[in-house]
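Visitor: Take a look at the following structure, please.
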Amino acid sequence: MPLPDFTPISAMVAADGEWEWSQLHQFVPHDVLEHIACIKPPFQTTLLYSSGWLWCGDCGFSVKSSYDTRYNYPIGRVDNVWSVLKKFLGVPRVKSFLWLVCKGCVLTNFERARQHLIDFTGCVTCCAALEDLDHLLRLCPIPQLICSSLVRQYRVHEFFTLPISVWVRVNFQNPRYFSASESDWDILFGAILWNLWLFRNRRIFDPESDQIDNVMSCSRRLRDETCQALASVAAQPSILVGARPLEVTWCPPSADSIKVNVDYGRRLAGGVTPCGGVAELWAVYEGLKCAMSLNVQKLIVKSDSREVIGILSSQGRRATPSSLLESIRALAAQNCEVVFQHVFREGNRVADAMTHLFSMDTFAMRLYLYPPYEVLEILHADVCS
Ligand SMILES: [Zn+2]
């Protein structure tokens, strides 16, 4: 059935602020409803329903915000690259290489020629006349092919034209800025740069080894091994990584607190996979509502999505004009002390298992008063850990 002309969105919002599903079902097919379900209805009390400027906290346009967005990427100063690299959790040899990259001290052929070590400045892979750092890491055909397939299409030009130190900083400071398809992009990005350098050197002695798949497969393997090593180190409670204790098993909160672990579901078999970050925000929202209804005074919200925790902890530092986020902040500001913390997947297994129990055919929340049978074993392991 077609929608009547000039139907405002508010006509599809119920009195309790949620979507009026009985109305929407009449006009919209189910696959579109699934998209709508990911979007919180307009937040009536603090946000006007209007178009807004994404890069400003109050959604209003300003020349300064557009200048900052254009030249400072996304936040901060260029020299902050050192503080960002300091927190890099990849293996030390990659970290050292990244340090050299930002200092412009990698011995490319251009740099060797500049130091009068050789008189050949060209690239041995593509025979370009100049192999400098930009060419080695971005402009040579191999990094071009690899990165073009991983970077968001509308940011490809930006990815390949930023100054090197800004480029490195943005990829580590905001891993989701350029890539949405790969997990732990910051660690993978460092591994790709490292392997490009390794393969470039190996090519001199073994020309058959310069396969693109090798660079990517080696980088993904290094990323996975690094993440496993981090989880393994974090399993030892006395060890700190980056001056920050890591939690890989579920830990009970203090006696006066309640902990909410959230995760998002996926059902690959049916081709249905919700957008992870939004689904996690929804889970946080529903968890907060439950906690408020129980009059909880101290709440710890844990998610294995660094991006979600980063957004929730930023307190508006980054502009995110989302009614869902506004709703979460409004709930968190109610008479309750709320802390958002990241947890590794190993410490979030019950929440992960719970997401597999529900059907995506319905958008209604399901409340369990007792743990379902399917998660009892994991729950027992968490209690014993
Ligand atoms: Zn080249």
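By order in the structure tokens, chains are A, B, ...; within a chain, residues start at 1; ligands start at 1, following the order shown.
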If the limit is 7 Å from any atom of ligand 1, counting only C-alpha atoms and all ligand atoms, which residues qualify? Return them as a ChimeraX atom specification.

Guide: /A:123-128,131,135-136,139-141

Visitor: Using only N, CA and C atoms, please write the residues we just selected to a file, as a PDB file, in the first residue's frame.

Guide:
ATOM      1  N   CYS A 123      61.693   2.352  -8.770  1.00  0.00           N
ATOM      2  CA  CYS A 123      61.016   1.244  -8.078  1.00  0.00           C
ATOM      3  C   CYS A 123      61.300  -0.057  -8.841  1.00  0.00           C
ATOM      4  N   VAL A 124      61.736  -1.088  -8.135  1.00  0.00           N
ATOM      5  CA  VAL A 124      62.067  -2.350  -8.794  1.00  0.00           C
ATOM      6  C   VAL A 124      60.811  -3.137  -9.164  1.00  0.00           C
ATOM      7  N   THR A 125      59.661  -2.754  -8.624  1.00  0.00           N
ATOM      8  CA  THR A 125      58.423  -3.491  -8.905  1.00  0.00           C
ATOM      9  C   THR A 125      57.759  -2.989 -10.184  1.00  0.00           C
ATOM     10  N   CYS A 126      57.554  -1.678 -10.260  1.00  0.00           N
ATOM     11  CA  CYS A 126      56.779  -1.145 -11.384  1.00  0.00           C
ATOM     12  C   CYS A 126      57.622  -0.276 -12.306  1.00  0.00           C
ATOM     13  N   CYS A 127      58.908  -0.187 -12.007  1.00  0.00           N
ATOM     14  CA  CYS A 127      59.838   0.573 -12.837  1.00  0.00           C
ATOM     15  C   CYS A 127      59.524   2.071 -12.866  1.00  0.00           C
ATOM     16  N   ALA A 128      58.786   2.549 -11.866  1.00  0.00           N
ATOM     17  CA  ALA A 128      58.580   3.999 -11.764  1.00  0.00           C
ATOM     18  C   ALA A 128      59.922   4.675 -11.508  1.00  0.00           C
ATOM     19  N   GLU A 131      61.157   5.894  -6.320  1.00  0.00           N
ATOM     20  CA  GLU A 131      60.598   5.100  -5.228  1.00  0.00           C
ATOM     21  C   GLU A 131      60.836   5.833  -3.924  1.00  0.00           C
ATOM     22  N   HIS A 135      55.421   6.396  -2.698  1.00  0.00           N
ATOM     23  CA  HIS A 135      55.299   5.393  -3.753  1.00  0.00           C
ATOM     24  C   HIS A 135      55.316   3.986  -3.160  1.00  0.00           C
ATOM     25  N   LEU A 136      56.229   3.753  -2.234  1.00  0.00           N
ATOM     26  CA  LEU A 136      56.378   2.420  -1.645  1.00  0.00           C
ATOM     27  C   LEU A 136      55.099   1.955  -0.950  1.00  0.00           C
ATOM     28  N   LEU A 139      51.460   4.334  -3.738  1.00  0.00           N
ATOM     29  CA  LEU A 139      51.289   4.574  -5.170  1.00  0.00           C
ATOM     30  C   LEU A 139      51.722   3.405  -6.042  1.00  0.00           C
ATOM     31  N   CYS A 140      52.554   2.531  -5.524  1.00  0.00           N
ATOM     32  CA  CYS A 140      52.967   1.350  -6.283  1.00  0.00           C
ATOM     33  C   CYS A 140      51.716   0.474  -6.516  1.00  0.00           C
ATOM     34  N   PRO A 141      51.676  -0.301  -7.600  1.00  0.00           N
ATOM     35  CA  PRO A 141      50.446  -1.054  -7.906  1.00  0.00           C
ATOM     36  C   PRO A 141      49.973  -1.981  -6.789  1.00  0.00           C
TER      37      PRO A 141
END

Visitor: List the spatial neighbours of Met354 in chain A as a count of residues only - criterion: any atom at most 9 Å away, only C-alpha atoms, same-chain residues fewer than 6 positions off excluded.

Guide: 5

Visitor: Skip Trp194 in chain A itself and residues of its chain fewer than 3 positions away, then list as a count of residues only all residues within 6 Å of it, counting only C-alpha atoms.

Guide: 3

Visitor: Quick one: residues within 12 Å of Ser96 in chain A, only C-alpha atoms, excluding same-chain residues fewer than 6 positions away - as a ChimeraX atom specification?

Guide: /A:82,85-86,88-90,102-103,105-106,190-191,193-194

Visitor: As a list in words, list the residues of range 290-382 of chain A assigned to strand (DSSP E) by DSSP on the backbone atoms of this structure.

Guide: Lys298, Leu299, Ile300, Val301, Lys302, Ser303, Glu337, Val338, Val339, Phe340, Gln341 and His342 of chain A

Visitor: Report as a PyMOL selection string all protein, DNA and RNA residues lying within 9 Å of Ser303 in chain A, evaluated on only C-alpha atoms, omitting residues in the same chain fewer than 5 positions from it.

Guide: chain A and resi 260-263+280+284+308-309+340-345+348

Visitor: Near Met216 in chain A, counting only C-alpha atoms, which residues have an atom at most 10 Å away, once you skip same-chain residues fewer than 2 positions from it, shown as a list in words?

Guide: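 So the residues in contact are Pro143, Ile146, Cys147, Leu188, Ala191, Ile192, Asn195, Leu196, Gln211, Ile212, Asp213, Asn214, Cys218, Ser219, Arg220, Arg221 and Leu222 of chain A.
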
Visitor: Which is closest to Phe172 in chain A among A:Leu117, A:Ser83, A:Ala231, A:Val91, if we use only C-alpha atoms?

Guide: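 Answer, going by the shortest atom-to-atom distance: A:Ser83.
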
Visitor: Which residues come within 9 Å of Phe160 in chain A, counting only C-alpha atoms, excluding same-chain residues fewer than 4 positions away, as JSON, numbers by chain?

Guide: {"A": [134, 138, 139, 144, 155, 156, 167]}

Visitor: Would you put the residues from that selection into a file with N, CA and C atoms, as an mmCIF file, in the first residue's frame?

Guide:
data_model
loop_
_atom_site.group_PDB
_atom_site.id
_atom_site.type_symbol
_atom_site.label_atom_id
_atom_site.label_comp_id
_atom_site.auth_asym_id
_atom_site.auth_seq_id
_atom_site.Cartn_x
_atom_site.Cartn_y
_atom_site.Cartn_z
ATOM 1 N N ASP A 134 56.026 7.568 -0.267
ATOM 2 C CA ASP A 134 54.660 7.625 -0.773
ATOM 3 C C ASP A 134 54.448 6.557 -1.845
ATOM 4 N N ARG A 138 51.894 3.557 -0.995
ATOM 5 C CA ARG A 138 50.559 3.881 -1.518
ATOM 6 C C ARG A 138 50.449 3.862 -3.035
ATOM 7 N N LEU A 139 51.460 4.334 -3.738
ATOM 8 C CA LEU A 139 51.289 4.574 -5.170
ATOM 9 C C LEU A 139 51.722 3.405 -6.042
ATOM 10 N N GLN A 144 48.245 -0.071 -4.032
ATOM 11 C CA GLN A 144 47.045 0.503 -4.667
ATOM 12 C C GLN A 144 45.928 -0.539 -4.708
ATOM 13 N N ARG A 155 36.219 7.486 0.318
ATOM 14 C CA ARG A 155 37.410 8.071 0.939
ATOM 15 C C ARG A 155 38.699 7.569 0.301
ATOM 16 N N VAL A 156 38.572 6.914 -0.838
ATOM 17 C CA VAL A 156 39.758 6.376 -1.498
ATOM 18 C C VAL A 156 40.719 7.505 -1.887
ATOM 19 N N TRP A 167 48.180 10.609 7.481
ATOM 20 C CA TRP A 167 47.588 9.349 7.018
ATOM 21 C C TRP A 167 47.756 8.249 8.065
#

Visitor: So how many Å separate CA of Pro92 in chain A and CA of Leu130 in chain A, to one decimal?

Guide: 29.1 Å

Visitor: Could you state the separation of CA of Gln173 in chain A and CA of Ser313 in chain A in Å, given to one decimal place?

Guide: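 Pair CA of Gln173 in chain A / CA of Ser313 in chain A returns 14.8 Å.
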
Visitor: Counting only C-alpha atoms, which residue out of A:Arg93, A:Glu337, A:Leu162, A:Ala330 sits closest to Leu198 in chain A?

Guide: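 Smallest distance to Leu198 in chain A is found for A:Arg93.
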
Visitor: As a ChimeraX atom specification, please: every residue in range 51-262 of chain A that DSSP puts in helix (DSSP H, G or I).

Guide: /A:63-72,78-86,92-103,109-114,133-139,141-150,153-161,164-173,185-205,207-209,212-234
